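Student: File follows, query08.pdb with PDB, C-alpha atoms:
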```
ATOM      1  CA  MET A 184     176.249 124.782 192.755
ATOM      2  CA  GLN A 185     173.862 127.272 191.323
ATOM      3  CA  PRO A 186     171.246 128.453 193.634
ATOM      4  CA  GLU A 187     167.775 127.004 192.773
ATOM      5  CA  GLN A 188     165.535 129.467 190.884
ATOM      6  CA  GLN A 189     162.296 130.338 192.720
ATOM      7  CA  ARG A 190     159.101 128.864 191.070
ATOM      8  CA  ARG A 191     156.720 131.685 189.814
ATOM      9  CA  ASP A 192     153.056 131.670 190.933
ATOM     10  CA  TRP A 193     150.756 132.222 187.802
ATOM     11  CA  THR A 194     147.480 132.206 189.684
ATOM     12  CA  VAL A 195     147.126 135.959 190.120
ATOM     13  CA  PRO A 196     147.975 136.889 186.503
ATOM     14  CA  ILE A 197     145.545 134.311 185.181
ATOM     15  CA  VAL A 198     142.722 135.594 187.382
ATOM     16  CA  VAL A 199     143.465 139.153 186.405
ATOM     17  CA  GLY A 200     143.521 138.209 182.712
ATOM     18  CA  VAL A 201     140.217 136.455 182.974
ATOM     19  CA  VAL A 202     138.661 139.442 184.711
ATOM     20  CA  VAL A 203     140.074 141.803 182.060
ATOM     21  CA  LEU A 204     138.761 139.519 179.297
ATOM     22  CA  ILE A 205     135.293 139.428 180.862
ATOM     23  CA  VAL A 206     135.234 143.229 181.237
ATOM     24  CA  ALA A 207     136.375 143.632 177.631
ATOM     25  CA  LEU A 208     133.658 141.218 176.466
ATOM     26  CA  VAL A 209     130.990 143.067 178.440
ATOM     27  CA  VAL A 210     132.176 146.384 176.987
ATOM     28  CA  CYS A 211     132.115 144.969 173.472
ATOM     29  CA  LEU A 212     128.664 143.499 173.924
ATOM     30  CA  GLY A 213     127.362 146.790 175.392
ATOM     31  CA  GLY A 214     128.846 148.765 172.501
ATOM     32  CA  ALA A 215     127.325 146.396 169.959
ATOM     33  CA  ALA A 216     123.937 146.619 171.634
ATOM     34  CA  ALA A 217     124.123 150.415 171.738
ATOM     35  CA  ALA A 218     125.196 150.542 168.098
ATOM     36  CA  TYR A 219     122.267 148.247 167.137
ATOM     37  CA  LEU A 220     119.783 150.378 169.034
ATOM     38  CA  LEU A 221     121.130 153.570 167.432
ATOM     39  CA  THR A 222     121.126 152.198 163.897
ATOM     40  CA  ARG A 223     117.835 150.225 164.092
ATOM     41  CA  PRO A 224     115.157 151.857 161.899
ATOM     42  CA  ASP A 225     112.042 153.179 163.656
ATOM     43  CA  PRO A 226     109.140 150.772 163.467
ATOM     44  CA  ALA A 227     106.796 151.684 160.599
ATOM     45  CA  ALA A 228     103.693 153.498 161.720
ATOM     46  CA  PRO A 229     100.478 151.550 161.042
ATOM     47  CA  PRO A 230      98.808 152.722 157.840
ATOM     48  CA  SER A 231      96.114 155.306 158.312
ATOM     49  CA  PRO A 232      92.644 153.869 157.671
ATOM     50  CA  SER A 233      91.257 154.840 154.276
ATOM     51  CA  PRO A 234      88.372 157.258 154.602
ATOM     52  CA  SER A 235      85.009 155.700 153.882
ATOM     53  CA  PRO A 236      83.365 157.108 150.762
ATOM     54  CA  SER A 237      80.650 159.620 151.481
ATOM     55  CA  PRO A 238      77.180 158.232 150.789
ATOM     56  CA  VAL A 239      75.712 159.512 147.537
ATOM     57  CA  ALA A 240      72.233 160.903 147.869
ATOM     58  CA  VAL A 241      69.778 159.129 145.582
ATOM     59  CA  VAL A 242      67.447 161.600 143.905
ATOM     60  CA  PRO A 243      63.993 160.044 143.549
ATOM     61  CA  SER A 244      62.440 160.073 140.110
ATOM     62  CA  PRO A 245      59.759 162.701 139.778
ATOM     63  CA  THR A 246      56.260 161.344 140.086
ATOM     64  CA  PRO A 247      54.262 161.930 136.912
ATOM     65  CA  ALA A 248      51.460 164.444 137.372
ATOM     66  CA  SER A 249      47.983 162.965 137.546
ATOM     67  CA  PRO A 250      45.690 163.816 134.613
ATOM     68  CA  ALA A 251      43.719 166.225 136.819
ATOM     69  CA  ARG A 252      46.913 168.015 137.858
ATOM     70  CA  CYS A 253      48.170 167.979 134.257
ATOM     71  CA  LEU A 254      44.977 169.754 133.196
ATOM     72  CA  ILE A 255      45.938 172.931 135.062
ATOM     73  CA  GLY A 256      47.450 175.535 132.742
ATOM     74  CA  GLN A 257      46.839 177.406 129.514
ATOM     75  CA  TRP A 258      46.087 175.614 126.262
ATOM     76  CA  ARG A 259      45.681 176.483 122.589
ATOM     77  CA  GLU A 260      43.237 174.419 120.563
ATOM     78  CA  THR A 261      44.987 172.796 117.589
ATOM     79  CA  SER A 262      42.122 170.674 116.289
ATOM     80  CA  TYR A 263      38.335 170.753 116.610
ATOM     81  CA  THR A 264      35.889 168.354 114.977
ATOM     82  CA  SER A 265      32.172 167.983 115.599
ATOM     83  CA  SER A 266      28.991 166.776 114.003
ATOM     84  CA  ALA A 267      26.325 169.507 114.279
ATOM     85  CA  GLU A 268      22.714 169.966 113.203
ATOM     86  CA  LEU A 269      22.542 173.260 111.248
ATOM     87  CA  PHE A 270      19.205 174.303 109.798
ATOM     88  CA  GLY A 271      18.017 170.722 109.494
ATOM     89  CA  VAL A 272      21.277 169.429 107.982
ATOM     90  CA  THR A 273      24.001 167.360 109.718
ATOM     91  CA  VAL A 274      27.355 169.032 109.026
ATOM     92  CA  GLN A 275      30.858 167.918 109.956
ATOM     93  CA  LEU A 276      32.632 171.023 111.308
ATOM     94  CA  THR A 277      36.372 171.538 111.784
ATOM     95  CA  GLY A 278      38.501 174.376 113.123
ATOM     96  CA  ALA A 279      41.072 175.466 115.720
ATOM     97  CA  GLY A 280      42.152 178.444 117.795
ATOM     98  CA  THR A 281      40.166 178.551 121.045
ATOM     99  CA  LEU A 282      42.278 179.399 124.123
ATOM    100  CA  LEU A 283      41.544 177.468 127.313
ATOM    101  CA  SER A 284      42.800 178.190 130.816
ATOM    102  CA  TYR A 285      42.209 175.664 133.608
ATOM    103  CA  GLY A 286      43.007 177.210 136.973
ATOM    104  CA  ALA A 287      44.055 175.481 140.177
ATOM    105  CA  ASP A 288      41.137 177.293 141.846
ATOM    106  CA  GLY A 289      38.587 175.223 139.885
ATOM    107  CA  THR A 290      37.696 177.781 137.208
ATOM    108  CA  VAL A 291      38.099 177.427 133.464
ATOM    109  CA  VAL A 292      38.030 180.332 131.012
ATOM    110  CA  THR A 293      37.815 180.039 127.219
ATOM    111  CA  VAL A 294      38.507 182.797 124.702
ATOM    112  CA  ASP A 295      36.974 182.316 121.247
ATOM    113  CA  LYS A 296      37.798 184.144 118.056
ATOM    114  CA  VAL A 297      37.323 181.147 115.825
ATOM    115  CA  THR A 298      35.398 179.941 112.803
ATOM    116  CA  ARG A 299      34.215 176.331 112.462
ATOM    117  CA  THR A 300      33.581 175.329 108.864
ATOM    118  CA  GLY A 301      32.046 172.412 106.968
ATOM    119  CA  THR A 302      30.317 171.494 103.728
ATOM    120  CA  ARG A 303      27.268 169.442 102.971
ATOM    121  CA  ASN A 304      25.462 168.890  99.677
ATOM    122  CA  GLY A 305      27.641 171.529  98.053
ATOM    123  CA  ASP A 306      26.818 174.191 100.637
ATOM    124  CA  ARG A 307      29.438 175.806 102.864
ATOM    125  CA  TYR A 308      28.573 176.302 106.522
ATOM    126  CA  GLU A 309      30.354 178.565 109.008
ATOM    127  CA  VAL A 310      29.892 178.886 112.752
ATOM    128  CA  ILE A 311      31.729 181.943 114.090
ATOM    129  CA  HIS A 312      32.352 182.290 117.850
ATOM    130  CA  ASN A 313      33.559 185.640 119.173
ATOM    131  CA  GLY A 314      33.662 186.050 122.953
ATOM    132  CA  SER A 315      34.585 184.255 126.160
ATOM    133  CA  THR A 316      33.092 181.850 128.690
ATOM    134  CA  ARG A 317      33.770 181.133 132.344
ATOM    135  CA  LEU A 318      32.811 178.013 134.296
ATOM    136  CA  ASN A 319      33.614 176.160 137.488
ATOM    137  CA  TYR A 320      34.992 172.677 136.992
ATOM    138  CA  GLU A 321      35.912 169.532 138.883
ATOM    139  CA  ALA A 322      38.066 166.779 137.389
ATOM    140  CA  ASP A 323      39.041 163.245 138.238
ATOM    141  CA  ASP A 324      41.426 161.209 136.100
ATOM    142  CA  GLU A 325      38.838 160.717 133.321
ATOM    143  CA  MET A 326      35.998 163.213 133.511
ATOM    144  CA  ILE A 327      35.513 166.973 133.796
ATOM    145  CA  SER A 328      32.266 168.246 135.294
ATOM    146  CA  TYR A 329      31.133 171.890 134.915
ATOM    147  CA  SER A 330      28.834 174.306 136.715
ATOM    148  CA  ASN A 331      28.005 178.039 137.002
ATOM    149  CA  ALA A 332      28.506 178.816 133.303
ATOM    150  CA  SER A 333      28.555 182.381 132.036
ATOM    151  CA  ALA A 334      29.387 183.762 128.591
ATOM    152  CA  THR A 335      29.839 187.046 126.771
ATOM    153  CA  GLY A 336      29.985 187.558 123.010
ATOM    154  CA  THR A 337      28.145 186.281 119.937
ATOM    155  CA  THR A 338      27.793 183.234 117.716
ATOM    156  CA  THR A 339      27.065 183.797 114.023
ATOM    157  CA  TRP A 340      25.913 181.170 111.507
ATOM    158  CA  LYS A 341      26.543 181.556 107.794
ATOM    159  CA  VAL A 342      25.567 179.467 104.783
ATOM    160  CA  ASN A 343      27.465 180.117 101.571
ATOM    161  CA  GLY A 344      28.754 183.372 103.024
ATOM    162  CA  SER A 345      25.347 184.765 103.982
ATOM    163  CA  VAL A 346      24.403 185.298 107.657
ATOM    164  CA  ARG A 347      21.554 182.994 108.608
ATOM    165  CA  ASP A 348      21.452 183.670 112.344
ATOM    166  CA  ARG A 349      23.250 185.455 115.182
ATOM    167  CA  GLU A 350      22.808 184.872 118.912
ATOM    168  CA  ASN A 351      24.524 185.543 122.203
ATOM    169  CA  LEU A 352      27.421 183.205 122.882
ATOM    170  CA  SER A 353      26.456 180.335 125.172
ATOM    171  CA  THR A 354      28.063 177.169 126.514
ATOM    172  CA  THR A 355      26.943 173.858 127.949
ATOM    173  CA  ILE A 356      27.761 172.183 131.267
ATOM    174  CA  THR A 357      27.663 168.625 129.944
ATOM    175  CA  PRO A 358      30.468 166.525 131.518
ATOM    176  CA  GLU A 359      33.336 165.760 129.158
ATOM    177  CA  ARG A 360      35.889 162.984 128.929
ATOM    178  CA  TYR A 361      39.534 163.964 128.611
ATOM    179  CA  THR A 362      43.122 162.742 128.538
ATOM    180  CA  CYS A 363      46.069 164.891 129.571
ATOM    181  CA  LYS A 364      49.730 163.931 129.402
ATOM    182  CA  GLY A 365      52.634 166.364 129.408
ATOM    183  CA  ASP A 366      51.837 169.181 126.994
ATOM    184  CA  LYS A 367      49.003 167.418 125.154
ATOM    185  CA  LEU A 368      45.299 167.637 126.008
ATOM    186  CA  ARG A 369      42.294 165.951 124.420
ATOM    187  CA  VAL A 370      38.702 166.725 125.443
ATOM    188  CA  TYR A 371      35.858 164.816 123.839
ATOM    189  CA  GLY A 372      32.211 163.858 124.068
ATOM    190  CA  ASP A 373      29.392 162.554 121.931
ATOM    191  CA  GLY A 374      30.029 163.768 118.397
ATOM    192  CA  TYR A 375      32.996 166.103 119.037
ATOM    193  CA  SER A 376      36.675 166.111 119.897
ATOM    194  CA  ILE A 377      39.124 168.884 120.840
ATOM    195  CA  GLU A 378      42.909 168.617 120.884
ATOM    196  CA  ALA A 379      45.144 171.302 122.406
ATOM    197  CA  ASP A 380      48.799 172.045 123.125
ATOM    198  CA  ARG A 381      49.988 173.604 126.349
ATOM    199  CA  ILE A 382      51.041 177.257 126.034
ATOM    200  CA  LEU A 383      54.614 177.220 127.347
ATOM    201  CA  PRO A 384      56.314 180.115 129.180
ATOM    202  CA  PRO A 385      58.747 182.195 127.087
ATOM    203  CA  GLY A 386      62.103 180.458 126.712
ATOM    204  CA  ARG A 387      60.835 177.019 127.652
ATOM    205  CA  PRO A 388      61.631 174.473 124.904
ATOM    206  CA  VAL A 389      58.732 172.999 123.038
TER     207      VAL A 389
END
```
Transcribe the structure of this file into structure tokens.

Tutor:
Amino acid sequence: MQPEQQRRDWTVPIVVGVVVLIVALVVCLGGAAAAYLLTRPDPAAPPSPSPSPSPVAVVPSPTPASPARCLIGQWRETSYTSSAELFGVTVQLTGAGTLLSYGADGTVVTVDKVTRTGTRNGDRYEVIHNGSTRLNYEADDEMISYSNASATGTTTWKVNGSVRDRENLSTTITPERYTCKGDKLRVYGDGYSIEADRILPPGRPV
């Protein structure tokens, strides 16, 4: 009779195998987690805020000069018309050339080297001014008032080329109406009208 073989106890190997399997699983899971953490891309940084546009300064439109302010400056007469009584005859005179300078200090100076001419009943009349005047003035938006007038020079009257009279240059202080806009000036009163252009500094466009 063969001796009976001893029955083997599998409990210990099974427990050991399970423990080894668990350890191996833990190691695998740890390695996978480490590999994921190493290969995971860095989170994208939040976009930088766009800079706000700088405010643009708004340049105010220039305020147009008032007529009284516009008046200040130097002017050259481009047209003169008047109706004058000359030796008992009403004559329509025309001419140009007087220089006018309205100062910010309230003084106005005129320089005359001009001849006003007209005809009536076939006769030719000439009024020749040669000299200068100086006055104080005040202006609102429609009227110019004058005071303290002084003048130097002469006025000569001719009819058909012959001198009829010659006197010292004089001027009146009668208030005048006017309009002034940009480089154009008009001064007028009863029976006369003067138009003038501003004398611009050298190099300034007309």

Student: Find, counting all atoms listed in the file, the residue in A:Pro250, A:Pro384, A:Gly256, A:Gly271 that gets nearest to Val291 (chain A).

Tutor: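 That would be A:Gly256, the residue with the smallest distance to Val291 (chain A).
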
Student: Just the number, please: distance in Å from CA of Glu321 (chain A) to CA of Ile356 (chain A), one decimal.

Tutor: 11.5 Å

Student: Which is closest to Thr339 (chain A) among A:Arg299, A:Arg259, A:Tyr371, A:Asp306, if we use all atoms listed in the file?

Tutor: A:Arg299

Student: Please write the residues picked by the PyMOL selection byres ((chain A and resi 341) around 9) on this file as JSON, numbers by chain.

Tutor: {"A": [307, 308, 309, 310, 311, 339, 340, 342, 343, 344, 345, 346, 347, 348, 349]}

Student: Can you tell me how far CA of Thr338 (chain A) sits from CA of Glu359 (chain A), in Å to one decimal?

Tutor: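 Taking CA of Thr338 (chain A) and CA of Glu359 (chain A), their separation equals 21.6 Å.
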
Student: If you measure from CA of Gly280 (chain A) to CA of Val297 (chain A), what distance in Å do you get, rounded to one decimal?

Tutor: 5.9 Å

Student: For each of A:Thr264, A:Thr290, A:Thr281, A:Thr362, take the minimum atom-to-atom distance to Met326 (chain A), counting all atoms listed in the file, then give the residue where this is smallest.

Tutor: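 Looking at the shortest contact to Met326 (chain A), the residue is A:Thr362.
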
Student: Go through the shown structure with the PyMOL selection byres ((chain A and resi 324) around 12) and write out the matching residues as a list in words.

Tutor: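 Against this file, the PyMOL selection byres ((chain A and resi 324) around 12) returns the residues Ala248, Ser249, Pro250, Ala251, Arg252, Cys253, Leu254, Glu321, Ala322, Asp323, Glu325, Met326, Ile327, Ser328, Glu359, Arg360, Tyr361, Thr362, Cys363 and Lys364 of chain A.
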
Student: Would you export the selected residues with C-alpha atoms as a PDB file, in the frame of the given file, please?

Tutor:
```pdb
ATOM      1  CA  ALA A 248      51.460 164.444 137.372  1.00  0.00           C
ATOM      2  CA  SER A 249      47.983 162.965 137.546  1.00  0.00           C
ATOM      3  CA  PRO A 250      45.690 163.816 134.613  1.00  0.00           C
ATOM      4  CA  ALA A 251      43.719 166.225 136.819  1.00  0.00           C
ATOM      5  CA  ARG A 252      46.913 168.015 137.858  1.00  0.00           C
ATOM      6  CA  CYS A 253      48.170 167.979 134.257  1.00  0.00           C
ATOM      7  CA  LEU A 254      44.977 169.754 133.196  1.00  0.00           C
ATOM      8  CA  GLU A 321      35.912 169.532 138.883  1.00  0.00           C
ATOM      9  CA  ALA A 322      38.066 166.779 137.389  1.00  0.00           C
ATOM     10  CA  ASP A 323      39.041 163.245 138.238  1.00  0.00           C
ATOM     11  CA  GLU A 325      38.838 160.717 133.321  1.00  0.00           C
ATOM     12  CA  MET A 326      35.998 163.213 133.511  1.00  0.00           C
ATOM     13  CA  ILE A 327      35.513 166.973 133.796  1.00  0.00           C
ATOM     14  CA  SER A 328      32.266 168.246 135.294  1.00  0.00           C
ATOM     15  CA  GLU A 359      33.336 165.760 129.158  1.00  0.00           C
ATOM     16  CA  ARG A 360      35.889 162.984 128.929  1.00  0.00           C
ATOM     17  CA  TYR A 361      39.534 163.964 128.611  1.00  0.00           C
ATOM     18  CA  THR A 362      43.122 162.742 128.538  1.00  0.00           C
ATOM     19  CA  CYS A 363      46.069 164.891 129.571  1.00  0.00           C
ATOM     20  CA  LYS A 364      49.730 163.931 129.402  1.00  0.00           C
TER      21      LYS A 364
END
```

Student: Of the residues A:Gly336, A:Gly314, A:Gly301, A:Asp288, which is the one nearest to Ser265 (chain A), using all atoms listed in the file?

Tutor: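 The answer is A:Gly301, which sits nearest to Ser265 (chain A).
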
Student: Centre and edge lengths of an axis-aligned box around all listed atoms of region 294-308 of chain A, with 5 Å added on each side, are to be given in Å to one decimal, as lines of an AutoDock Vina configuration file.

Tutor:
```
center_x = 32.0
center_y = 176.5
center_z = 111.4
size_x = 23.0
size_y = 25.3
size_z = 36.6
```

Student: Could you tell me which residues the PyMOL selection byres ((chain A and resi 257) around 9) returns for this structure, as a PyMOL selection string?

Tutor: chain A and resi 254-256+258-259+282-286+380-383
